[in-house]
Amino acid sequence: MEAFVNGIRLAYDDAGCGPAVLLVHGFPLCRRMWHPQINALVASGYRVIIPDLRGFGDSDAPAGPYSMELFADDLVALLDHLEIATAVVGGMSMGGYILLNLLERHRSRVTAACFCQTRANADDEAGKARRLQLAQEVGEKGPQVIADTFLPLLLTDESLAQRPKLVEEVYGWMVGTATTGLAGGLLAMRERRDYISLLPTFNLPCLAIGGASDKIVPPAILDVFATGLPNCHRALIPDTGHLANLEAPGPFNAALLEFLAGLTGKSYTHDCC
Ligand code: MLT
């Protein structure tokens with residue numbers, strides 16, 4: 001499906017009926033990374049909305065600059081388009097950075113937050129320099145430079161060695177991404193603010209979930225959510241990396257569904273299709 005919102009065409013999946021759950025993909029990925037979650041959530045009575053962010057997947061990839069504010073505003077415009085007042089929002093890695101921005105600027109639209117394989121801190125100076133260098137390289141050499149850089153970081157060494165189909169699929173998403181989207185995403189992440197001091201103000205039900213062997217967001221970084229947020233559960237999926245939801249969908253879905261089930265009966269709007 002697609003919608004024309006906030007001046008661009010956004011592609012998205014919309015499945016099921018029940019309380020809305022909006023899942024936001026990471027960098028340099030696309031909405032397909034959430035496919036192992038769709039059936040499980042729909043079967044449990046949720047409506048799942050999964051967009052491709054601007055610049056990624058099948059959505060338009062206009063010239064930048066991109067920002068976390070712009071990504072967040074696109075998502076709010078999509079919720080408006082779908083007439084969804086509030087949703088549980090899950091954000092994976094860069095999707096988590098966008099979720100933090102949503103909580104800062106569009107708090108009333110989020111009933112609960114699920115931080116997946118993500119972090120609350122901003123880039124340090126060395127990280128910012130790497131983002132800039134990669135953004136320049138992707139402009140010169142194309143998406144392959146990003147795919148080659150990120151692939152070894154996204155999956156565990158075991159998945160890289162033993163799951164060729166998964167490796168091929170994830171690599172294919174990355175090399176298929178528009179260079180404007182990749183550069184835009186890198187520079188948006190480079191400019192994102194640090195949210196650690198704001199975490200105590202986000203007083204809504206939260207889940208911090210991640211891979212025990214994540215090379216990009218090690219458990220100690222993920223734990224900042226559990227210690228900083230007033231109401232945060234924590235789940236660590238064994239033997240998984242940055243793509244924990246793809247590497248072990250069963251345990252990931254179980255943790256997510258347990259969190260969602262715990263919200264029932266609280267301030268939870270039922271948006272039904
Ligand atoms: C992501 O998965 O979205 C990125 O790895 C996040 C990042 O590079 O900070």
# chains A, B, ... in the order shown; residues from 1 in each chain; ligands from 1
$ residues_near_ligand --ligand "ligand 1" --cutoff "7 Å" --atoms "only C-alpha atoms and all ligand atoms" --output "ChimeraX atom specification"
/A:26-28,92-95,189,216,242
$ select_by_dssp --residues "stretch 42-106 of chain A" --states "strand (DSSP E)" --output "tab-separated table (two decimals) with N, CA and C atoms, in the first residue's frame"
chain	number	residue	atom	x	y	z
A	47	ARG	N	-3.41	-4.60	15.06
A	47	ARG	CA	-3.28	-4.02	13.73
A	47	ARG	C	-1.83	-3.54	13.58
A	48	VAL	N	-1.15	-4.03	12.58
A	48	VAL	CA	0.28	-3.74	12.43
A	48	VAL	C	0.49	-2.79	11.25
A	49	ILE	N	1.13	-1.67	11.52
A	49	ILE	CA	1.44	-0.69	10.47
A	49	ILE	C	2.96	-0.66	10.33
A	50	ILE	N	3.42	-0.92	9.11
A	50	ILE	CA	4.87	-1.01	8.91
A	50	ILE	C	5.25	-0.18	7.69
A	51	PRO	N	5.76	1.03	7.90
A	51	PRO	CA	6.11	1.88	6.76
A	51	PRO	C	7.58	1.72	6.33
A	87	ALA	N	-0.89	4.87	18.89
A	87	ALA	CA	-0.36	3.54	18.59
A	87	ALA	C	0.74	3.20	19.59
A	88	VAL	N	0.92	1.90	19.77
A	88	VAL	CA	2.18	1.44	20.37
A	88	VAL	C	3.21	1.58	19.26
A	89	VAL	N	4.36	2.17	19.57
A	89	VAL	CA	5.38	2.35	18.53
A	89	VAL	C	6.63	1.57	18.90
A	90	GLY	N	7.08	0.76	17.95
A	90	GLY	CA	8.34	0.05	18.12
A	90	GLY	C	9.34	0.59	17.12
A	91	GLY	N	10.54	0.89	17.56
A	91	GLY	CA	11.56	1.41	16.65
A	91	GLY	C	12.84	0.63	16.79
A	92	MET	N	13.33	0.14	15.65
A	92	MET	CA	14.57	-0.63	15.66
A	92	MET	C	15.73	0.30	15.28
$ atom_distance --atom1 "atom CA of A:Arg31" --atom2 "atom CA of A:Asp52"
5.1 Å
$ residues_around --residues "A:Cys206" --least-positions-apart "5" --cutoff "7 Å" --atoms "only C-alpha atoms" --output "PyMOL selection string"
chain A and resi 112-114+231-233
$ atom_distance --atom1 "atom CA of A:Leu198" --atom2 "atom CA of A:Leu134"
29.1 Å
$ residues_around --residues "A:Leu236" --least-positions-apart "2" --cutoff "7 Å" --atoms "only C-alpha atoms" --output "PDB file with all heavy atoms, in the first residue's frame"
ATOM      1  N   ILE A 209      14.332  -4.063  24.084  1.00  0.00           N
ATOM      2  CA  ILE A 209      14.579  -5.436  23.651  1.00  0.00           C
ATOM      3  C   ILE A 209      15.756  -5.439  22.679  1.00  0.00           C
ATOM      4  O   ILE A 209      15.895  -4.525  21.862  1.00  0.00           O
ATOM      5  CB  ILE A 209      13.295  -6.036  23.011  1.00  0.00           C
ATOM      6  CG1 ILE A 209      13.511  -7.484  22.597  1.00  0.00           C
ATOM      7  CG2 ILE A 209      12.772  -5.219  21.854  1.00  0.00           C
ATOM      8  CD1 ILE A 209      12.212  -8.197  22.227  1.00  0.00           C
ATOM      9  N   GLY A 210      16.601  -6.447  22.805  1.00  0.00           N
ATOM     10  CA  GLY A 210      17.770  -6.459  21.930  1.00  0.00           C
ATOM     11  C   GLY A 210      18.416  -7.824  21.851  1.00  0.00           C
ATOM     12  O   GLY A 210      17.990  -8.787  22.493  1.00  0.00           O
ATOM     13  N   GLY A 211      19.456  -7.880  21.038  1.00  0.00           N
ATOM     14  CA  GLY A 211      20.193  -9.115  20.838  1.00  0.00           C
ATOM     15  C   GLY A 211      21.372  -9.188  21.803  1.00  0.00           C
ATOM     16  O   GLY A 211      22.115  -8.211  21.960  1.00  0.00           O
ATOM     17  N   ALA A 212      21.546 -10.353  22.418  1.00  0.00           N
ATOM     18  CA  ALA A 212      22.621 -10.508  23.405  1.00  0.00           C
ATOM     19  C   ALA A 212      24.001 -10.351  22.770  1.00  0.00           C
ATOM     20  O   ALA A 212      24.960  -9.999  23.451  1.00  0.00           O
ATOM     21  CB  ALA A 212      22.502 -11.867  24.083  1.00  0.00           C
ATOM     22  N   ARG A 234      12.686  -5.123  30.222  1.00  0.00           N
ATOM     23  CA  ARG A 234      13.886  -5.406  29.435  1.00  0.00           C
ATOM     24  C   ARG A 234      13.837  -6.849  28.965  1.00  0.00           C
ATOM     25  O   ARG A 234      13.437  -7.736  29.713  1.00  0.00           O
ATOM     26  CB  ARG A 234      15.107  -5.202  30.334  1.00  0.00           C
ATOM     27  CG  ARG A 234      16.433  -5.593  29.761  1.00  0.00           C
ATOM     28  CD  ARG A 234      17.473  -5.442  30.868  1.00  0.00           C
ATOM     29  NE  ARG A 234      18.816  -5.727  30.400  1.00  0.00           N
ATOM     30  CZ  ARG A 234      19.368  -6.925  30.385  1.00  0.00           C
ATOM     31  NH1 ARG A 234      18.674  -7.986  30.762  1.00  0.00           N
ATOM     32  NH2 ARG A 234      20.621  -7.080  29.970  1.00  0.00           N
ATOM     33  N   PRO A 238      18.784 -14.334  23.383  1.00  0.00           N
ATOM     34  CA  PRO A 238      20.088 -15.009  23.281  1.00  0.00           C
ATOM     35  C   PRO A 238      20.467 -15.325  21.835  1.00  0.00           C
ATOM     36  O   PRO A 238      19.596 -15.506  20.988  1.00  0.00           O
ATOM     37  CB  PRO A 238      19.889 -16.319  24.061  1.00  0.00           C
ATOM     38  CG  PRO A 238      18.583 -16.210  24.744  1.00  0.00           C
ATOM     39  CD  PRO A 238      17.780 -15.142  24.071  1.00  0.00           C
TER      40      PRO A 238
END
$ atom_distance --atom1 "atom CA of A:Leu102" --atom2 "atom CA of A:Arg193"
12.6 Å
$ closest_residue --among "A:Ala254, A:Ile98, A:Ala135, A:Val170" --to "A:Leu151" --atoms "only C-alpha atoms"
A:Val170
$ residues_around --residues "stretch 63-69 of chain A" --least-positions-apart "5" --cutoff "8 Å" --atoms "only C-alpha atoms" --output "NGL selection string"
:A and (97-98 or 101-102 or 180-181 or 184-185 or 187-189 or 191-192)
$ write_last_selection --atoms "N, CA and C atoms" --output "CSV table (one decimal), in the first residue's frame"
chain,number,residue,atom,x,y,z
A,97,TYR,N,15.7,5.9,17.3
A,97,TYR,CA,16.0,7.3,17.4
A,97,TYR,C,14.8,8.2,17.0
A,98,ILE,N,14.0,7.7,16.0
A,98,ILE,CA,12.8,8.4,15.5
A,98,ILE,C,11.7,8.3,16.6
A,101,ASN,N,12.3,10.8,19.1
A,101,ASN,CA,11.8,12.1,18.6
A,101,ASN,C,10.3,12.2,18.7
A,102,LEU,N,9.6,11.1,18.4
A,102,LEU,CA,8.1,11.1,18.5
A,102,LEU,C,7.7,11.4,20.0
A,180,THR,N,20.3,8.6,-2.1
A,180,THR,CA,19.8,9.8,-1.4
A,180,THR,C,19.3,9.4,0.0
A,181,GLY,N,18.6,8.3,0.0
A,181,GLY,CA,18.1,7.8,1.3
A,181,GLY,C,19.2,7.5,2.3
A,184,GLY,N,21.0,10.6,3.3
A,184,GLY,CA,20.1,11.4,4.1
A,184,GLY,C,19.9,10.7,5.5
A,185,GLY,N,19.9,9.4,5.6
A,185,GLY,CA,19.7,8.7,6.9
A,185,GLY,C,21.0,8.9,7.7
A,187,LEU,N,23.2,11.3,7.6
A,187,LEU,CA,23.4,12.7,8.1
A,187,LEU,C,22.3,13.0,9.1
A,188,ALA,N,21.2,12.4,9.0
A,188,ALA,CA,20.1,12.6,10.0
A,188,ALA,C,20.6,12.0,11.4
A,189,MET,N,21.1,10.8,11.3
A,189,MET,CA,21.6,10.2,12.5
A,189,MET,C,22.8,11.0,13.1
A,191,GLU,N,23.1,14.1,13.1
A,191,GLU,CA,22.6,15.3,13.8
A,191,GLU,C,21.7,15.1,14.9
A,192,ARG,N,21.4,13.8,15.2
A,192,ARG,CA,20.3,13.6,16.2
A,192,ARG,C,20.8,14.0,17.6
